[in-house]
$ cat start.cif   # mmCIF, C-alpha atoms
data_input
loop_
_atom_site.group_PDB
_atom_site.id
_atom_site.type_symbol
_atom_site.label_atom_id
_atom_site.label_comp_id
_atom_site.auth_asym_id
_atom_site.auth_seq_id
_atom_site.Cartn_x
_atom_site.Cartn_y
_atom_site.Cartn_z
ATOM 1 C CA MET A 1 40.758 -6.872 11.398
ATOM 2 C CA PHE A 2 41.926 -8.459 8.148
ATOM 3 C CA SER A 3 40.532 -11.783 9.325
ATOM 4 C CA LEU A 4 37.106 -10.186 9.660
ATOM 5 C CA PHE A 5 37.230 -9.062 6.030
ATOM 6 C CA LYS A 6 38.256 -12.580 5.002
ATOM 7 C CA LYS A 7 35.278 -14.057 6.798
ATOM 8 C CA GLU A 8 32.953 -11.625 5.051
ATOM 9 C CA LYS A 9 34.363 -12.605 1.660
ATOM 10 C CA ASN A 10 33.735 -16.278 2.385
ATOM 11 C CA TYR A 11 29.987 -15.598 2.514
ATOM 12 C CA ALA A 12 29.913 -14.935 -1.249
ATOM 13 C CA GLU A 13 28.553 -18.067 -2.932
ATOM 14 C CA PRO A 14 30.677 -19.204 -5.910
ATOM 15 C CA PHE A 15 29.134 -19.254 -9.355
ATOM 16 C CA ARG A 16 27.828 -22.718 -10.231
ATOM 17 C CA MET A 17 26.739 -23.309 -13.797
ATOM 18 C CA LYS A 18 24.529 -26.325 -13.033
ATOM 19 C CA LYS A 19 22.613 -24.490 -10.352
ATOM 20 C CA GLU A 20 22.158 -21.407 -12.546
ATOM 21 C CA MET A 21 20.931 -23.561 -15.447
ATOM 22 C CA ARG A 22 18.270 -25.079 -13.191
ATOM 23 C CA LEU A 23 17.136 -21.572 -12.303
ATOM 24 C CA LEU A 24 17.173 -20.423 -15.937
ATOM 25 C CA PRO A 25 13.407 -20.998 -16.570
ATOM 26 C CA GLY A 26 12.593 -18.849 -13.553
ATOM 27 C CA TYR A 27 14.946 -16.128 -14.751
ATOM 28 C CA LEU A 28 13.343 -16.176 -18.191
ATOM 29 C CA LEU A 29 9.833 -15.880 -16.754
ATOM 30 C CA LEU A 30 10.960 -13.017 -14.516
ATOM 31 C CA LEU A 31 12.605 -11.202 -17.424
ATOM 32 C CA LEU A 32 9.488 -11.710 -19.550
ATOM 33 C CA TRP A 33 7.281 -10.276 -16.818
ATOM 34 C CA ILE A 34 9.616 -7.282 -16.348
ATOM 35 C CA PHE A 35 9.719 -6.677 -20.118
ATOM 36 C CA PHE A 36 5.923 -6.825 -20.400
ATOM 37 C CA THR A 37 5.452 -4.457 -17.427
ATOM 38 C CA VAL A 38 8.021 -1.943 -18.682
ATOM 39 C CA VAL A 39 6.583 -1.958 -22.214
ATOM 40 C CA LEU A 40 3.017 -1.569 -20.949
ATOM 41 C CA LEU A 41 3.829 1.279 -18.557
ATOM 42 C CA GLY A 42 6.074 2.900 -21.138
ATOM 43 C CA TRP A 43 3.306 2.842 -23.722
ATOM 44 C CA VAL A 44 0.816 4.395 -21.281
ATOM 45 C CA LEU A 45 3.355 7.089 -20.374
ATOM 46 C CA ILE A 46 4.052 7.949 -24.009
ATOM 47 C CA ALA A 47 0.323 7.907 -24.827
ATOM 48 C CA SER A 48 -0.310 10.385 -22.017
ATOM 49 C CA PHE A 49 1.864 12.925 -23.869
ATOM 50 C CA SER A 50 0.213 12.251 -27.243
ATOM 51 C CA THR A 51 -3.147 13.229 -28.704
ATOM 52 C CA THR A 52 -6.155 10.942 -28.976
ATOM 53 C CA LYS A 53 -5.861 10.970 -32.773
ATOM 54 C CA GLU A 54 -2.223 9.870 -32.559
ATOM 55 C CA ILE A 55 -3.115 7.056 -30.157
ATOM 56 C CA PHE A 56 -5.683 5.532 -32.540
ATOM 57 C CA ALA A 57 -3.392 6.100 -35.542
ATOM 58 C CA ASN A 58 -0.517 4.397 -33.675
ATOM 59 C CA LYS A 59 1.697 7.436 -34.282
ATOM 60 C CA LEU A 60 2.558 8.393 -30.721
ATOM 61 C CA LEU A 61 4.330 11.725 -30.166
ATOM 62 C CA SER A 62 4.300 12.508 -33.888
ATOM 63 C CA SER A 63 3.302 16.111 -33.076
ATOM 64 C CA GLY A 64 5.537 16.415 -30.007
ATOM 65 C CA PHE A 65 4.839 16.315 -26.296
ATOM 66 C CA HIS A 66 1.438 17.522 -25.141
ATOM 67 C CA PHE A 67 1.869 18.485 -21.494
ATOM 68 C CA GLU A 68 -1.552 20.101 -21.563
ATOM 69 C CA ASN A 69 -3.039 16.599 -21.203
ATOM 70 C CA TYR A 70 -1.952 16.580 -17.581
ATOM 71 C CA GLU A 71 -3.302 20.059 -16.968
ATOM 72 C CA LYS A 72 -6.675 19.118 -18.453
ATOM 73 C CA ALA A 73 -6.767 15.873 -16.482
ATOM 74 C CA TRP A 74 -5.875 17.626 -13.226
ATOM 75 C CA VAL A 75 -8.331 20.511 -13.618
ATOM 76 C CA ASN A 76 -11.082 19.628 -16.087
ATOM 77 C CA SER A 77 -11.375 15.898 -15.317
ATOM 78 C CA ASP A 78 -11.309 16.623 -11.581
ATOM 79 C CA VAL A 79 -8.361 14.293 -10.958
ATOM 80 C CA SER A 80 -7.119 16.694 -8.288
ATOM 81 C CA THR A 81 -10.212 16.019 -6.160
ATOM 82 C CA ILE A 82 -10.008 12.235 -6.231
ATOM 83 C CA PHE A 83 -6.213 12.374 -5.837
ATOM 84 C CA PHE A 84 -6.324 14.415 -2.638
ATOM 85 C CA ASN A 85 -9.301 12.404 -1.369
ATOM 86 C CA SER A 86 -7.357 9.151 -1.667
ATOM 87 C CA LEU A 87 -4.232 10.773 -0.235
ATOM 88 C CA PHE A 88 -6.247 11.966 2.764
ATOM 89 C CA TYR A 89 -7.887 8.559 3.256
ATOM 90 C CA SER A 90 -4.604 6.657 2.909
ATOM 91 C CA LEU A 91 -2.422 8.805 5.162
ATOM 92 C CA LEU A 92 -4.978 9.199 7.943
ATOM 93 C CA SER A 93 -5.954 5.519 7.823
ATOM 94 C CA VAL A 94 -2.301 4.436 8.032
ATOM 95 C CA CYS A 95 -1.665 6.670 11.061
ATOM 96 C CA LEU A 96 -4.807 5.484 12.862
ATOM 97 C CA LEU A 97 -4.014 1.848 12.127
ATOM 98 C CA ILE A 98 -0.583 2.154 13.729
ATOM 99 C CA LEU A 99 -2.007 3.972 16.765
ATOM 100 C CA VAL A 100 -4.655 1.268 17.231
ATOM 101 C CA CYS A 101 -2.883 -1.914 16.135
ATOM 102 C CA ALA A 102 0.662 -1.410 17.460
ATOM 103 C CA PRO A 103 -0.366 -1.338 21.166
ATOM 104 C CA ALA A 104 -2.801 -4.219 20.562
ATOM 105 C CA ALA A 105 -0.140 -6.309 18.821
ATOM 106 C CA TYR A 106 2.368 -5.568 21.579
ATOM 107 C CA ALA A 107 -0.052 -6.589 24.327
ATOM 108 C CA LEU A 108 -1.173 -9.757 22.552
ATOM 109 C CA SER A 109 2.382 -10.891 21.764
ATOM 110 C CA ARG A 110 4.113 -10.001 25.044
ATOM 111 C CA PHE A 111 1.572 -10.580 27.839
ATOM 112 C CA GLU A 112 -0.432 -13.594 28.930
ATOM 113 C CA PHE A 113 -3.971 -12.787 30.031
ATOM 114 C CA PHE A 114 -7.441 -14.278 29.896
ATOM 115 C CA GLY A 115 -8.823 -14.193 26.356
ATOM 116 C CA ASN A 116 -5.448 -13.587 24.679
ATOM 117 C CA LYS A 117 -5.589 -16.650 22.427
ATOM 118 C CA LEU A 118 -9.271 -16.075 21.710
ATOM 119 C CA MET A 119 -8.540 -12.540 20.506
ATOM 120 C CA GLN A 120 -5.665 -13.731 18.326
ATOM 121 C CA HIS A 121 -7.820 -16.436 16.747
ATOM 122 C CA SER A 122 -10.616 -13.909 16.244
ATOM 123 C CA PHE A 123 -8.282 -11.582 14.345
ATOM 124 C CA VAL A 124 -7.085 -14.444 12.151
ATOM 125 C CA ALA A 125 -10.648 -15.626 11.503
ATOM 126 C CA SER A 126 -11.846 -12.113 10.642
ATOM 127 C CA MET A 127 -9.176 -11.875 7.934
ATOM 128 C CA GLY A 128 -11.010 -14.641 6.090
ATOM 129 C CA VAL A 129 -14.353 -12.824 6.036
ATOM 130 C CA PRO A 130 -15.022 -11.300 2.577
ATOM 131 C CA VAL A 131 -15.816 -7.599 2.607
ATOM 132 C CA VAL A 132 -18.900 -8.196 0.473
ATOM 133 C CA MET A 133 -20.498 -10.121 3.353
ATOM 134 C CA ILE A 134 -20.397 -7.149 5.728
ATOM 135 C CA VAL A 135 -21.012 -4.288 3.303
ATOM 136 C CA LEU A 136 -24.817 -4.518 3.244
ATOM 137 C CA PRO A 137 -25.265 -4.536 7.056
ATOM 138 C CA LEU A 138 -22.757 -1.696 7.355
ATOM 139 C CA PHE A 139 -24.508 0.318 4.647
ATOM 140 C CA ALA A 140 -27.872 -0.192 6.358
ATOM 141 C CA LEU A 141 -26.366 1.016 9.632
ATOM 142 C CA VAL A 142 -24.670 4.042 8.084
ATOM 143 C CA ALA A 143 -27.740 4.955 6.026
ATOM 144 C CA GLY A 144 -29.845 4.754 9.184
ATOM 145 C CA LEU A 145 -27.581 7.316 10.833
ATOM 146 C CA ASP A 146 -28.188 9.683 7.874
ATOM 147 C CA ILE A 147 -24.561 10.786 7.569
ATOM 148 C CA LEU A 148 -23.937 10.038 3.889
ATOM 149 C CA ASN A 149 -25.373 13.376 2.792
ATOM 150 C CA ASN A 150 -22.682 15.297 4.674
ATOM 151 C CA VAL A 151 -19.330 15.435 2.864
ATOM 152 C CA THR A 152 -17.183 15.587 6.019
ATOM 153 C CA ALA A 153 -19.137 12.828 7.756
ATOM 154 C CA ASN A 154 -18.991 10.736 4.587
ATOM 155 C CA LYS A 155 -15.196 11.036 4.417
ATOM 156 C CA LEU A 156 -14.828 10.147 8.090
ATOM 157 C CA THR A 157 -17.091 7.141 7.553
ATOM 158 C CA LEU A 158 -14.831 5.886 4.758
ATOM 159 C CA ILE A 159 -11.752 6.303 6.954
ATOM 160 C CA PHE A 160 -13.466 4.468 9.816
ATOM 161 C CA LEU A 161 -14.311 1.585 7.462
ATOM 162 C CA TYR A 162 -10.806 1.449 5.993
ATOM 163 C CA VAL A 163 -9.307 1.314 9.474
ATOM 164 C CA GLY A 164 -11.744 -1.295 10.744
ATOM 165 C CA ILE A 165 -11.266 -3.593 7.766
ATOM 166 C CA ASN A 166 -7.447 -3.480 7.983
ATOM 167 C CA VAL A 167 -7.140 -3.821 11.782
ATOM 168 C CA PRO A 168 -6.927 -7.663 11.828
ATOM 169 C CA TYR A 169 -4.222 -7.859 9.156
ATOM 170 C CA THR A 170 -2.161 -5.032 10.660
ATOM 171 C CA THR A 171 -2.367 -6.462 14.176
ATOM 172 C CA ILE A 172 -1.350 -9.979 13.133
ATOM 173 C CA PHE A 173 1.495 -8.588 11.006
ATOM 174 C CA LEU A 174 2.938 -6.509 13.868
ATOM 175 C CA MET A 175 2.578 -9.299 16.406
ATOM 176 C CA GLY A 176 5.333 -11.226 14.649
ATOM 177 C CA PHE A 177 7.754 -8.317 15.064
ATOM 178 C CA PHE A 178 6.993 -7.650 18.718
ATOM 179 C CA ALA A 179 7.177 -11.372 19.541
ATOM 180 C CA ASN A 180 10.735 -11.591 18.167
ATOM 181 C CA ILE A 181 12.156 -8.679 20.163
ATOM 182 C CA SER A 182 14.219 -9.795 23.146
ATOM 183 C CA ARG A 183 12.578 -9.422 26.548
ATOM 184 C CA ALA A 184 15.898 -8.162 27.913
ATOM 185 C CA PHE A 185 14.957 -4.657 26.787
ATOM 186 C CA GLU A 186 11.759 -4.671 28.852
ATOM 187 C CA GLU A 187 13.555 -6.127 31.855
ATOM 188 C CA ALA A 188 16.235 -3.431 31.656
ATOM 189 C CA ALA A 189 13.548 -0.733 31.386
ATOM 190 C CA ALA A 190 11.686 -2.180 34.384
ATOM 191 C CA ILE A 191 14.887 -2.145 36.453
ATOM 192 C CA ASP A 192 15.299 1.544 35.585
ATOM 193 C CA GLY A 193 11.767 2.192 36.797
ATOM 194 C CA CYS A 194 10.154 2.687 33.376
ATOM 195 C CA PRO A 195 6.431 1.738 33.375
ATOM 196 C CA PRO A 196 5.109 -0.687 30.711
ATOM 197 C CA GLY A 197 3.304 2.034 28.749
ATOM 198 C CA LYS A 198 6.388 4.216 28.532
ATOM 199 C CA THR A 199 8.512 1.166 27.675
ATOM 200 C CA PHE A 200 6.273 0.454 24.701
ATOM 201 C CA TRP A 201 6.325 3.982 23.253
ATOM 202 C CA LEU A 202 9.995 4.758 23.889
ATOM 203 C CA ILE A 203 11.687 1.383 23.401
ATOM 204 C CA MET A 204 9.540 -1.323 21.819
ATOM 205 C CA LEU A 205 7.760 0.737 19.170
ATOM 206 C CA PRO A 206 10.997 2.152 17.666
ATOM 207 C CA MET A 207 12.504 -1.352 17.616
ATOM 208 C CA ALA A 208 9.554 -2.588 15.546
ATOM 209 C CA GLN A 209 10.155 0.160 12.978
ATOM 210 C CA PRO A 210 10.844 -2.213 10.031
ATOM 211 C CA GLY A 211 7.504 -3.927 10.526
ATOM 212 C CA ILE A 212 5.670 -0.646 11.071
ATOM 213 C CA ILE A 213 7.090 0.855 7.867
ATOM 214 C CA THR A 214 6.298 -2.271 5.854
ATOM 215 C CA VAL A 215 2.716 -2.671 7.055
ATOM 216 C CA SER A 216 2.146 1.076 6.638
ATOM 217 C CA ILE A 217 3.217 0.856 2.995
ATOM 218 C CA PHE A 218 0.938 -2.128 2.404
ATOM 219 C CA ASN A 219 -1.991 -0.378 4.094
ATOM 220 C CA PHE A 220 -1.361 2.808 2.123
ATOM 221 C CA ILE A 221 -1.467 0.879 -1.153
ATOM 222 C CA ASN A 222 -4.559 -1.093 -0.081
ATOM 223 C CA VAL A 223 -6.494 2.042 0.817
ATOM 224 C CA TRP A 224 -5.226 3.939 -2.232
ATOM 225 C CA ASN A 225 -6.372 1.185 -4.608
ATOM 226 C CA GLU A 226 -9.576 0.330 -2.732
ATOM 227 C CA TYR A 227 -12.652 0.345 -4.949
ATOM 228 C CA PHE A 228 -15.612 -1.538 -3.480
ATOM 229 C CA ILE A 229 -16.059 0.354 -0.200
ATOM 230 C CA SER A 230 -15.599 3.713 -1.902
ATOM 231 C CA LEU A 231 -18.146 2.773 -4.571
ATOM 232 C CA ILE A 232 -20.798 1.825 -2.009
ATOM 233 C CA PHE A 233 -20.280 4.525 0.620
ATOM 234 C CA GLY A 234 -18.830 7.366 -1.463
ATOM 235 C CA ASN A 235 -22.078 8.565 -2.988
ATOM 236 C CA SER A 236 -20.726 11.990 -3.965
ATOM 237 C CA ASP A 237 -18.119 13.144 -6.474
ATOM 238 C CA LYS A 238 -16.500 15.138 -3.669
ATOM 239 C CA VAL A 239 -15.637 12.050 -1.609
ATOM 240 C CA ARG A 240 -14.765 9.465 -4.266
ATOM 241 C CA SER A 241 -11.337 7.827 -4.333
ATOM 242 C CA VAL A 242 -9.035 7.393 -7.332
ATOM 243 C CA ALA A 243 -10.278 3.887 -8.176
ATOM 244 C CA VAL A 244 -13.921 4.947 -8.441
ATOM 245 C CA GLY A 245 -12.957 8.215 -10.120
ATOM 246 C CA LEU A 246 -10.939 6.452 -12.835
ATOM 247 C CA TYR A 247 -13.767 3.999 -13.431
ATOM 248 C CA SER A 248 -16.157 6.914 -13.926
ATOM 249 C CA MET A 249 -13.695 8.483 -16.376
ATOM 250 C CA ILE A 250 -13.496 5.256 -18.383
ATOM 251 C CA ASN A 251 -17.284 5.147 -18.621
ATOM 252 C CA SER A 252 -17.338 8.769 -19.770
ATOM 253 C CA MET A 253 -14.868 8.052 -22.591
ATOM 254 C CA LYS A 254 -17.772 6.973 -24.813
ATOM 255 C CA TYR A 255 -18.988 10.582 -24.662
ATOM 256 C CA THR A 256 -15.785 12.638 -24.371
ATOM 257 C CA GLY A 257 -13.304 10.473 -26.288
ATOM 258 C CA ASP A 258 -10.352 12.132 -24.540
ATOM 259 C CA TRP A 259 -8.158 9.047 -24.249
ATOM 260 C CA ALA A 260 -4.959 11.081 -24.007
ATOM 261 C CA GLY A 261 -6.342 12.807 -20.912
ATOM 262 C CA MET A 262 -7.409 9.413 -19.584
ATOM 263 C CA PHE A 263 -3.873 8.040 -19.823
ATOM 264 C CA ALA A 264 -2.550 11.211 -18.174
ATOM 265 C CA SER A 265 -4.980 10.610 -15.299
ATOM 266 C CA VAL A 266 -3.733 7.028 -14.978
ATOM 267 C CA ILE A 267 -0.127 8.207 -14.697
ATOM 268 C CA ILE A 268 -1.042 10.796 -12.049
ATOM 269 C CA VAL A 269 -2.887 8.193 -9.984
ATOM 270 C CA PHE A 270 -0.092 5.653 -10.437
ATOM 271 C CA LEU A 271 2.696 7.977 -9.233
ATOM 272 C CA PRO A 272 2.249 7.708 -5.403
ATOM 273 C CA THR A 273 2.454 3.906 -5.285
ATOM 274 C CA PHE A 274 5.296 3.904 -7.824
ATOM 275 C CA ILE A 275 7.285 6.382 -5.718
ATOM 276 C CA LEU A 276 6.692 4.269 -2.608
ATOM 277 C CA TYR A 277 8.054 1.157 -4.293
ATOM 278 C CA LEU A 278 10.905 3.062 -5.907
ATOM 279 C CA PHE A 279 12.311 4.593 -2.721
ATOM 280 C CA LEU A 280 11.142 2.117 -0.071
ATOM 281 C CA SER A 281 11.532 -1.250 -1.811
ATOM 282 C CA GLU A 282 14.475 -2.197 0.400
ATOM 283 C CA ARG A 283 12.472 -1.305 3.508
ATOM 284 C CA ILE A 284 9.591 -3.473 2.294
ATOM 285 C CA ILE A 285 11.864 -6.481 1.717
ATOM 286 C CA ALA A 286 13.623 -5.976 5.060
ATOM 287 C CA GLY A 287 10.297 -5.686 6.840
ATOM 288 C CA VAL A 288 8.882 -8.853 5.284
ATOM 289 C CA THR A 289 12.004 -11.002 5.737
ATOM 290 C CA GLY A 290 13.149 -9.582 9.084
ATOM 291 C CA GLY A 291 11.490 -9.810 12.439
ATOM 292 C CA GLY A 292 13.312 -7.653 14.916
ATOM 293 C CA VAL A 293 15.953 -8.775 17.395
ATOM 294 C CA LYS A 294 15.669 -12.469 18.075
ATOM 295 C CA GLY A 295 15.528 -13.465 21.687
#
$ encode --input "start.cif" --output "structure tokens"
Amino acid sequence: MFSLFKKEKNYAEPFRMKKEMRLLPGYLLLLLWIFFTVVLLGWVLIASFSTTKEIFANKLLSSGFHFENYEKAWVNSDVSTIFFNSLFYSLLSVCLLILVCAPAAYALSRFEFFGNKLMQHSFVASMGVPVVMIVLPLFALVAGLDILNNVTANKLTLIFLYVGINVPYTTIFLMGFFANISRAFEEAAAIDGCPPGKTFWLIMLPMAQPGIITVSIFNFINVWNEYFISLIFGNSDKVRSVAVGLYSMINSMKYTGDWAGMFASVIIVFLPTFILYLFLSERIIAGVTGGGVKG
């Protein structure tokens, strides 16, 4: 038992001054980037608790904390609507993407059948198609169906587009995880009489959990920050996402001048992605660097 602990201690790499000095420029750039990010976010956070007059006078928080900025942003600036719209789009899109792409990735990575390679190459090729090239045909199709005037249908259309656009990336990402899981698990399940479909849902899908969590986080952030699709297809204030909503608020600043409320809105919109990175950063790194059980 003590020998095991000794082996673990041997994995610690000794400190080498020459190697660390070679890495010093990279460390300095990283520290500079962290300092700039912290200062920028800190300034926005402090400005969100100040008044507009204090912001332009560069005297932040001179009159104390103004929590009413968040209340005004949430209620009067209609941040609550765009917040819950984006939350609805992101969560539902992530769930649908896993339901659609996980079985597809499993089948493409574990079974040989006619058209397998063609489908894989098609997914890879579709990832290189810019969204701007397909927006106009899609808008013509959706406008022809006359569903943009209905709020519910408009929201479902946005979710359908978000899912469709992210299917290639999600499928290719998950294929790497399923391909690296040992086939011994499937063979053992087959010996026990478990059919392939049940094997996937009960055994293979849980084993690909690191990849599923990682790609779900990436998809959530992509949908949450998405701007172009929401701008084109979200033709109503009731269906707009946070990106389009914040852009509209910035344009309205020339008339309202409520910059304190604007910064409060930015902090509210920034919180979900910040919380994801704060609590799931280790999962993201493990999902990107790991690939399941090798076999």
$ resolve_selection --input "start.cif" --expression "the PyMOL selection byres ((chain A and resi 186-190) around 12)" --output "PyMOL selection string"
chain A and resi 106+110-111+178+181-185+191-205+207+295
$ atom_distance --input "start.cif" --atom1 "CA of Ser48 in chain A" --atom2 "CA of Ser63 in chain A"
13.0 Å
$ closest_atom_pairs --input "start.cif" --of "range 74-177 of chain A" --to "range 223-236 of chain A" --cutoff "7 Å" --atoms "only C-alpha atoms" --output "JSON lines"
{"residue": "A:Ser86", "atom": "CA", "partner": "A:Trp224", "partner_atom": "CA", "distance": 5.7}
{"residue": "A:Ser90", "atom": "CA", "partner": "A:Val223", "partner_atom": "CA", "distance": 5.4}
{"residue": "A:Asn154", "atom": "CA", "partner": "A:Gly234", "partner_atom": "CA", "distance": 6.9}
{"residue": "A:Leu158", "atom": "CA", "partner": "A:Phe233", "partner_atom": "CA", "distance": 7.0}
{"residue": "A:Tyr162", "atom": "CA", "partner": "A:Val223", "partner_atom": "CA", "distance": 6.8}
$ atom_distance --input "start.cif" --atom1 "CA of Asn219 in chain A" --atom2 "CA of Thr152 in chain A"
22.1 Å
$ closest_residue --input "start.cif" --among "A:Leu156, A:Val79, A:Ile221, A:Leu92" --to "Gly261 in chain A" --atoms "only C-alpha atoms"
A:Val79
$ closest_residue --input "start.cif" --among "A:Met175, A:Ala208, A:Ala107, A:Ile55" --to "Gly257 in chain A" --atoms "only C-alpha atoms"
A:Ile55
$ axis_aligned_box --input "start.cif" --around "range 189-194 of chain A" --padding-each-side "4 Å" --output "AutoDock Vina command-line options"
--center_x 12.7 --center_y 0.3 --center_z 34.1 --size_x 13.1 --size_y 12.9 --size_z 13.4
$ resolve_selection --input "start.cif" --expression "the PyMOL selection byres ((chain A and resi 68) around 12)" --output "CSV table (one decimal) with C-alpha atoms, in the frame of the given file"
chain,number,residue,atom,x,y,z
A,48,SER,CA,-0.3,10.4,-22.0
A,49,PHE,CA,1.9,12.9,-23.9
A,50,SER,CA,0.2,12.3,-27.2
A,51,THR,CA,-3.1,13.2,-28.7
A,64,GLY,CA,5.5,16.4,-30.0
A,65,PHE,CA,4.8,16.3,-26.3
A,66,HIS,CA,1.4,17.5,-25.1
A,67,PHE,CA,1.9,18.5,-21.5
A,69,ASN,CA,-3.0,16.6,-21.2
A,70,TYR,CA,-2.0,16.6,-17.6
A,71,GLU,CA,-3.3,20.1,-17.0
A,72,LYS,CA,-6.7,19.1,-18.5
A,73,ALA,CA,-6.8,15.9,-16.5
A,74,TRP,CA,-5.9,17.6,-13.2
A,75,VAL,CA,-8.3,20.5,-13.6
A,76,ASN,CA,-11.1,19.6,-16.1
A,260,ALA,CA,-5.0,11.1,-24.0
A,261,GLY,CA,-6.3,12.8,-20.9
A,264,ALA,CA,-2.6,11.2,-18.2
A,265,SER,CA,-5.0,10.6,-15.3
$ residues_around --input "start.cif" --residues "Phe270 in chain A" --least-positions-apart "2" --cutoff "12 Å" --atoms "only C-alpha atoms" --output "PyMOL selection string"
chain A and resi 41+44-45+79+83+86+221+224-225+242-243+246+263-268+272-277
$ closest_residue --input "start.cif" --among "A:Ala153, A:Leu97, A:Ala143, A:Ile134" --to "Tyr169 in chain A" --atoms "all atoms listed in the file"
A:Leu97
$ closest_residue --input "start.cif" --among "A:Phe220, A:Phe123, A:Tyr255, A:Phe139" --to "Phe173 in chain A" --atoms "all atoms listed in the file"
A:Phe123
$ closest_residue --input "start.cif" --among "A:Leu136, A:Ile212, A:Leu60, A:Leu24" --to "Thr171 in chain A" --atoms "all atoms listed in the file"
A:Ile212
$ atom_distance --input "start.cif" --atom1 "CA of Ile159 in chain A" --atom2 "CA of Ser241 in chain A"
11.4 Å
$ closest_residue --input "start.cif" --among "A:Val167, A:Leu138, A:Met119, A:Ala125" --to "Cys95 in chain A" --atoms "only C-alpha atoms"
A:Val167
$ decode --input "start.cif" --residues "range 93-109 of chain A" --atoms "C-alpha atoms" --output "compact mmCIF listing (two decimals), in the first residue's frame"
# COMPACT_ATOMS: atom_id res chain seq x y z
CA SER A 93 -32.39 22.82 -27.90
CA VAL A 94 -29.74 21.09 -25.77
CA CYS A 95 -32.15 18.29 -24.80
CA LEU A 96 -33.32 17.76 -28.39
CA LEU A 97 -29.75 17.75 -29.68
CA ILE A 98 -28.76 14.97 -27.29
CA LEU A 99 -31.87 12.94 -28.14
CA VAL A 100 -31.15 13.28 -31.87
CA CYS A 101 -27.35 13.27 -32.05
CA ALA A 102 -26.38 10.72 -29.38
CA PRO A 103 -28.08 7.74 -31.12
CA ALA A 104 -26.79 8.96 -34.51
CA ALA A 105 -23.23 9.30 -33.20
CA TYR A 106 -23.41 5.87 -31.57
CA ALA A 107 -24.63 4.20 -34.76
CA LEU A 108 -22.09 5.95 -36.98
CA SER A 109 -19.15 5.16 -34.69
